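**Q** Sharing a structure below in structure tokens format, with a few things to ask.
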Amino acid sequence: MTRNEGIGWMLAVAGFGAMAFLPLLEDADYLMGLALNITMFTVLATSWALFSGPTHYISLATAAFYGVGATVVAMGFEVLPFPVLLGLAGLAGGVLAALVGLATLRLSGVYFVIFTLGLAELIRQLVSWVQSNIVEVGSIQVFTDNSDNWIYWELLALAALVFLVGWLIERSRLGFAMRIIGNDEVVASHSGIHSAGSKVILFVISGFFAAAVGAVMVTKIINFDPDTFYLPIISFQVVIMALLGGVHRLWGPLLGVIPFTLLWEVIENRFQQPMEMFGVEIVSAGSLKVILLGVCFMLIVYYIPRGVVGRVETLARRLAPGGGASHG
Amino acid sequence: MAENALLEVQGVSKHFGGLVAVDQISFTLRHNEVLGLIGPNGSGKTTMINLISGALRPTMGDIFMGDRLISERPARFIARLGIARTFQLVRLLPSLSVLENVMAGAVFGHKRLWGREARKYAARLLERVGMGHAIGMPLLALTYIDQKRVELARALAADPDILLLDEWLAGLNATELKLGIDLVQTLRQEGRAIIVVEHVMDAIRSLCDRCIVMNSGAMIAEGSPGQVLADPAVIHAYLGDSHA
Ligand SMILES: Nc1ncnc2c1ncn2[C@@H]1O[C@H](COP(=O)(O)OP(=O)(O)OP(=O)(O)O)[C@@H](O)[C@H]1O
Ligand SMILES: [Mg+2]
């Protein structure tokens, strides 16, 4: 266990170190673009799994938190320095998560999924309405002195932080409580565990990170328009990546983010045209992507329910007979 | 009577729709006492245990632990006050190790140990219930009886003042039963009060100071095991069922 942990730390430090040097390479724009996407989704999927892994609640609220983080920055970039806004954005995501969690985590899983999906849409409508009727601007141009390299480093720092937080949780009473809750909630409550409270804390943490990512990304995308930030597809992508990688290990989602981001890159480039048959458009390019996403989702759930990590662990166990190779 | 009472159940009822599973039950549990809760199948014993542990809320009536009105409180609060239980159908945590299953009882509740202290303590409790050899074993490799032992160790890990055992001795063979009865005796000697739900008459006679007999949710007798088992109403409740 301790030896594995040491190896884990070394890998993590080496990985983050290598990633941090990427912007210093010359002519690495394409690579940087990929790395940025991977880093961004690593933060989103890993923080999503912190909550959804142990609780088995599927949250589709990522887009809501992400959008709220972007909104905070878009509203405040002219008056407050970016680091302050980043903190405020995270805080706003956390508060939103706490409110949603307190209201819905007592409900059964199905209601929770629907509620979180609706949440992003609700806030998007609200922000759009405020933008067009009260402040009367169409879209906001968020010009900050956050350079592309800094944006990447900020996301990388968030990724490091999410792993650190996840690692600390795993070692804490909270992490142990979550494993018990995931097994049997009746036993959990009879052992003195505050199930709802524990779940809310984790949901708040995931809300914090998603909002922080949104806050950073709006300085990259610059054009703040609610339609592009409260985008349900972000939530779905995060769920698929996390499930593909595996949610029962901290580093699981990462193994889903990397292949999926690469695959998505191909999809984005290949399917820019609507699908036509006999000259008639039957599926628009946008819907085609959503359909492909849905197909990916079904394939993953059917064929690799425990994700890439589950596969890796089974393989490791087979290669090392008699060895307890599965402790991470 | 209330002076020595650790737990007081006052006029408690539980309705499931039209079904009255527990019907205006009142009794007290004293310090250091083993109280038997017996009755035919479906008479409401498990429901009574669920009401005390906070798994269910009474439809009517109050349950006090000392001065605390626990029937208004959630299960986690009751656990922290020092009431622990086992379940009639064993409930273990399949993805946790045997040791972690026991630790679960020691970390959040009445006891609140963590880290190496919790591990050491859990290991000691496993020894105590005769499961010291199973610490490293996968949970699913255990027999049903051994799983029951692990579950008891988890309940004990909270260091409870009141222990609720729902048919914990059921399914044991003669030697295991003897060991089980001795174990419960030692728990009482440590100063715990225990409510045992049992069908095994030998266990009831040798363990219980007092018995409460339930039938169709209502209490039909109370007294020493000898008294209640000789009570015509009790005999009728048990035999009437099987002769019907
Ligand atoms: N959650 C529930 N919902 C509806 N009915 C229930 C529920 N729990 C118990 N009952 C009913 O309440 C009655 C009492 O059940 P309970 O399990 O308390 O009996 P018991 O005395 O423990 O029986 P046994 O000796 O078989 O364990 C039964 O008729 C049972 O079907
Ligand atoms: Mg029962």
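Ordering of the structure tokens sets the chain letters (A, B, ...); residue numbers start at 1 within each chain; ligands are numbered from 1 in the order shown.
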Please identify every polymer residue within 12 Å of ligand 2, using only C-alpha atoms and all ligand atoms, and present the set as a ChimeraX atom specification.

**A** /B:21,37-50,86-90,165-168,170,196-199,214,217

**Q** Could you save the residues just selected, with N, CA, C and O atoms, as a short mmCIF file (atom, residue, chain, number, x, y, z; two decimals), in the first residue's frame?

**A**
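Result file follows (selection11.cif):
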data_model
loop_
_atom_site.label_atom_id
_atom_site.label_comp_id
_atom_site.auth_asym_id
_atom_site.auth_seq_id
_atom_site.Cartn_x
_atom_site.Cartn_y
_atom_site.Cartn_z
N ALA B 21 -48.65 -2.83 12.97
CA ALA B 21 -47.54 -3.77 13.22
C ALA B 21 -47.11 -3.74 14.67
O ALA B 21 -46.69 -4.76 15.23
N LEU B 37 -37.49 -10.20 23.77
CA LEU B 37 -38.67 -9.74 23.02
C LEU B 37 -39.08 -10.91 22.15
O LEU B 37 -38.36 -11.27 21.21
N ILE B 38 -40.19 -11.57 22.54
CA ILE B 38 -40.54 -12.78 21.81
C ILE B 38 -41.97 -12.69 21.29
O ILE B 38 -42.73 -11.80 21.66
N GLY B 39 -42.30 -13.64 20.45
CA GLY B 39 -43.63 -13.67 19.85
C GLY B 39 -43.57 -14.41 18.54
O GLY B 39 -42.49 -14.57 17.96
N PRO B 40 -44.73 -14.85 18.06
CA PRO B 40 -44.75 -15.61 16.80
C PRO B 40 -44.31 -14.76 15.60
O PRO B 40 -44.16 -13.54 15.73
N ASN B 41 -44.12 -15.39 14.47
CA ASN B 41 -43.70 -14.66 13.26
C ASN B 41 -44.71 -13.57 12.92
O ASN B 41 -45.90 -13.77 13.00
N GLY B 42 -44.17 -12.44 12.55
CA GLY B 42 -45.04 -11.33 12.12
C GLY B 42 -45.71 -10.60 13.27
O GLY B 42 -46.61 -9.80 13.06
N SER B 43 -45.23 -10.83 14.50
CA SER B 43 -45.91 -10.20 15.64
C SER B 43 -45.43 -8.77 15.88
O SER B 43 -45.99 -8.07 16.71
N GLY B 44 -44.39 -8.36 15.19
CA GLY B 44 -43.97 -6.96 15.30
C GLY B 44 -42.66 -6.75 16.04
O GLY B 44 -42.29 -5.61 16.34
N LYS B 45 -41.91 -7.81 16.28
CA LYS B 45 -40.66 -7.69 17.05
C LYS B 45 -39.63 -6.84 16.31
O LYS B 45 -39.05 -5.90 16.87
N THR B 46 -39.40 -7.20 15.04
CA THR B 46 -38.40 -6.45 14.28
C THR B 46 -38.83 -5.00 14.12
O THR B 46 -38.00 -4.07 14.20
N THR B 47 -40.13 -4.80 13.93
CA THR B 47 -40.62 -3.42 13.82
C THR B 47 -40.32 -2.65 15.10
O THR B 47 -39.90 -1.48 15.04
N MET B 48 -40.49 -3.31 16.24
CA MET B 48 -40.19 -2.65 17.53
C MET B 48 -38.71 -2.25 17.59
O MET B 48 -38.37 -1.14 18.00
N ILE B 49 -37.84 -3.18 17.17
CA ILE B 49 -36.40 -2.89 17.15
C ILE B 49 -36.12 -1.71 16.21
O ILE B 49 -35.35 -0.79 16.54
N ASN B 50 -36.77 -1.71 15.06
CA ASN B 50 -36.60 -0.62 14.10
C ASN B 50 -37.03 0.72 14.69
O ASN B 50 -36.44 1.76 14.39
N THR B 86 -27.95 -5.30 15.61
CA THR B 86 -27.71 -6.18 14.47
C THR B 86 -29.03 -6.32 13.73
O THR B 86 -30.08 -5.96 14.26
N PHE B 87 -28.97 -6.85 12.51
CA PHE B 87 -30.18 -6.97 11.70
C PHE B 87 -30.56 -8.44 11.55
O PHE B 87 -29.69 -9.30 11.49
N GLN B 88 -31.87 -8.67 11.51
CA GLN B 88 -32.35 -10.05 11.39
C GLN B 88 -31.75 -10.71 10.14
O GLN B 88 -31.27 -11.83 10.20
N LEU B 89 -31.79 -9.99 9.01
CA LEU B 89 -31.06 -10.44 7.83
C LEU B 89 -29.77 -9.64 7.80
O LEU B 89 -29.79 -8.43 7.60
N VAL B 90 -28.65 -10.33 8.01
CA VAL B 90 -27.36 -9.67 8.19
C VAL B 90 -27.12 -8.57 7.13
O VAL B 90 -27.37 -8.78 5.95
N LEU B 165 -30.35 -7.04 19.61
CA LEU B 165 -29.97 -8.21 18.80
C LEU B 165 -31.22 -8.85 18.22
O LEU B 165 -32.03 -9.42 18.95
N ASP B 166 -31.38 -8.75 16.91
CA ASP B 166 -32.57 -9.29 16.27
C ASP B 166 -32.28 -10.69 15.74
O ASP B 166 -31.73 -10.86 14.66
N GLU B 167 -32.66 -11.69 16.52
CA GLU B 167 -32.45 -13.11 16.18
C GLU B 167 -31.00 -13.39 15.84
O GLU B 167 -30.69 -14.09 14.87
N TRP B 168 -30.11 -12.87 16.67
CA TRP B 168 -28.70 -13.07 16.39
C TRP B 168 -28.29 -14.53 16.59
O TRP B 168 -27.36 -15.02 15.97
N ALA B 170 -30.20 -17.13 15.96
CA ALA B 170 -30.91 -18.04 15.05
C ALA B 170 -29.94 -18.70 14.08
O ALA B 170 -29.02 -18.06 13.58
N VAL B 196 -32.94 -8.82 23.34
CA VAL B 196 -32.78 -9.90 22.38
C VAL B 196 -34.14 -10.32 21.84
O VAL B 196 -35.07 -10.57 22.59
N VAL B 197 -34.22 -10.37 20.52
CA VAL B 197 -35.39 -10.94 19.87
C VAL B 197 -35.01 -12.38 19.58
O VAL B 197 -33.98 -12.62 18.95
N GLU B 198 -35.75 -13.33 20.07
CA GLU B 198 -35.35 -14.73 19.91
C GLU B 198 -36.53 -15.66 19.73
O GLU B 198 -37.63 -15.42 20.24
N HIS B 199 -36.27 -16.75 19.01
CA HIS B 199 -37.22 -17.85 18.95
C HIS B 199 -36.68 -19.06 19.71
O HIS B 199 -37.41 -19.96 20.05
N MET B 214 -45.04 -10.46 22.38
CA MET B 214 -45.90 -9.72 21.46
C MET B 214 -46.70 -10.69 20.61
O MET B 214 -46.25 -11.79 20.30
N GLY B 217 -48.73 -7.44 17.10
CA GLY B 217 -48.40 -6.06 17.42
C GLY B 217 -48.62 -5.67 18.87
O GLY B 217 -48.04 -4.70 19.35
#

**Q** What residues in chain B lie within 6 Å of chain A, counting only C-alpha atoms, written as a PyMOL selection string?

**A** chain B and resi 75-76+79-80+93+105+108-109

**Q** Tell me which protein, DNA and RNA residues are within 8 Å of B:Ile25, counting only C-alpha atoms, leaving out same-chain ones fewer than 4 positions away, and put them as a list in words.

**A**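 Contacts, in chain order: Val9, Gln10, Gly11, Val12, Ser13, Ala218 and Met219 of chain B.
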
**Q** Just the selected residues (N, CA, C and O atoms), exported as a compact mmCIF listing (two decimals), in the first residue's frame, please.

**A**
# COMPACT_ATOMS: atom_id res chain seq x y z
N VAL B 9 -40.14 2.90 26.67
CA VAL B 9 -41.03 2.89 25.50
C VAL B 9 -42.43 3.17 26.02
O VAL B 9 -42.92 2.46 26.90
N GLN B 10 -43.04 4.24 25.53
CA GLN B 10 -44.33 4.67 26.10
C GLN B 10 -45.43 4.73 25.04
O GLN B 10 -45.46 5.63 24.22
N GLY B 11 -46.29 3.73 25.09
CA GLY B 11 -47.48 3.73 24.22
C GLY B 11 -47.16 3.84 22.75
O GLY B 11 -47.80 4.58 22.01
N VAL B 12 -46.16 3.08 22.31
CA VAL B 12 -45.69 3.22 20.93
C VAL B 12 -46.48 2.35 19.96
O VAL B 12 -46.72 1.17 20.24
N SER B 13 -46.91 2.95 18.86
CA SER B 13 -47.59 2.20 17.80
C SER B 13 -46.91 2.49 16.47
O SER B 13 -46.35 3.56 16.28
N ALA B 218 -49.46 -6.43 19.59
CA ALA B 218 -49.77 -6.04 20.97
C ALA B 218 -48.94 -6.84 21.96
O ALA B 218 -48.47 -7.93 21.66
N MET B 219 -48.78 -6.26 23.15
CA MET B 219 -48.05 -6.97 24.20
C MET B 219 -49.04 -7.83 24.96
O MET B 219 -50.04 -7.32 25.48

**Q** Pull the strand (DSSP E) assignments for stretch 168-208 of chain B out of DSSP run on the backbone, and list those residues as an mmCIF file with N, CA and C atoms, in the first residue's frame.

**A**
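Once everything was written out, this is out-v7.cif:
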data_model
loop_
_atom_site.group_PDB
_atom_site.id
_atom_site.type_symbol
_atom_site.label_atom_id
_atom_site.label_comp_id
_atom_site.auth_asym_id
_atom_site.auth_seq_id
_atom_site.Cartn_x
_atom_site.Cartn_y
_atom_site.Cartn_z
ATOM 1 N N ALA B 193 -26.996 -2.942 28.548
ATOM 2 C CA ALA B 193 -28.358 -3.467 28.549
ATOM 3 C C ALA B 193 -28.631 -4.010 27.158
ATOM 4 N N ILE B 194 -29.324 -5.147 27.103
ATOM 5 C CA ILE B 194 -29.481 -5.831 25.818
ATOM 6 C C ILE B 194 -30.931 -6.232 25.615
ATOM 7 N N ILE B 195 -31.444 -5.976 24.417
ATOM 8 C CA ILE B 195 -32.747 -6.520 24.047
ATOM 9 C C ILE B 195 -32.500 -7.614 23.029
ATOM 10 N N VAL B 196 -32.937 -8.823 23.345
ATOM 11 C CA VAL B 196 -32.775 -9.903 22.379
ATOM 12 C C VAL B 196 -34.135 -10.324 21.840
ATOM 13 N N VAL B 197 -34.218 -10.366 20.519
ATOM 14 C CA VAL B 197 -35.390 -10.942 19.866
ATOM 15 C C VAL B 197 -35.008 -12.380 19.577
#

**Q** Under the rule that only C-alpha atoms and all ligand atoms are counted, which of B:Val200, B:Met103, B:Cys208, B:Leu142 is the nearest residue to ligand 1?

**A**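 Result for the nearest residue to ligand 1: B:Val200.
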
**Q** Return as a PyMOL selection string the full set of residues in stretch 44-205 of chain B whose backbone-based DSSP assignment is helix (DSSP H, G or I).

**A** chain B and resi 45-53+70-72+75-81+98-107+116-128+132-134+139-141+144-157+174-189+201-205

**Q** Under the rule that only C-alpha atoms are counted, which of A:Leu250, A:Gly109, A:Phe143, A:Asp225 is the nearest residue to A:Val162?

**A**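 Closest to A:Val162, using only C-alpha atoms: A:Leu250.
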
**Q** Which is closer to ligand 1 than all the others in B:Asn215, B:Gln147, B:Pro58, B:Leu69, using only C-alpha atoms and all ligand atoms?

**A** B:Asn215
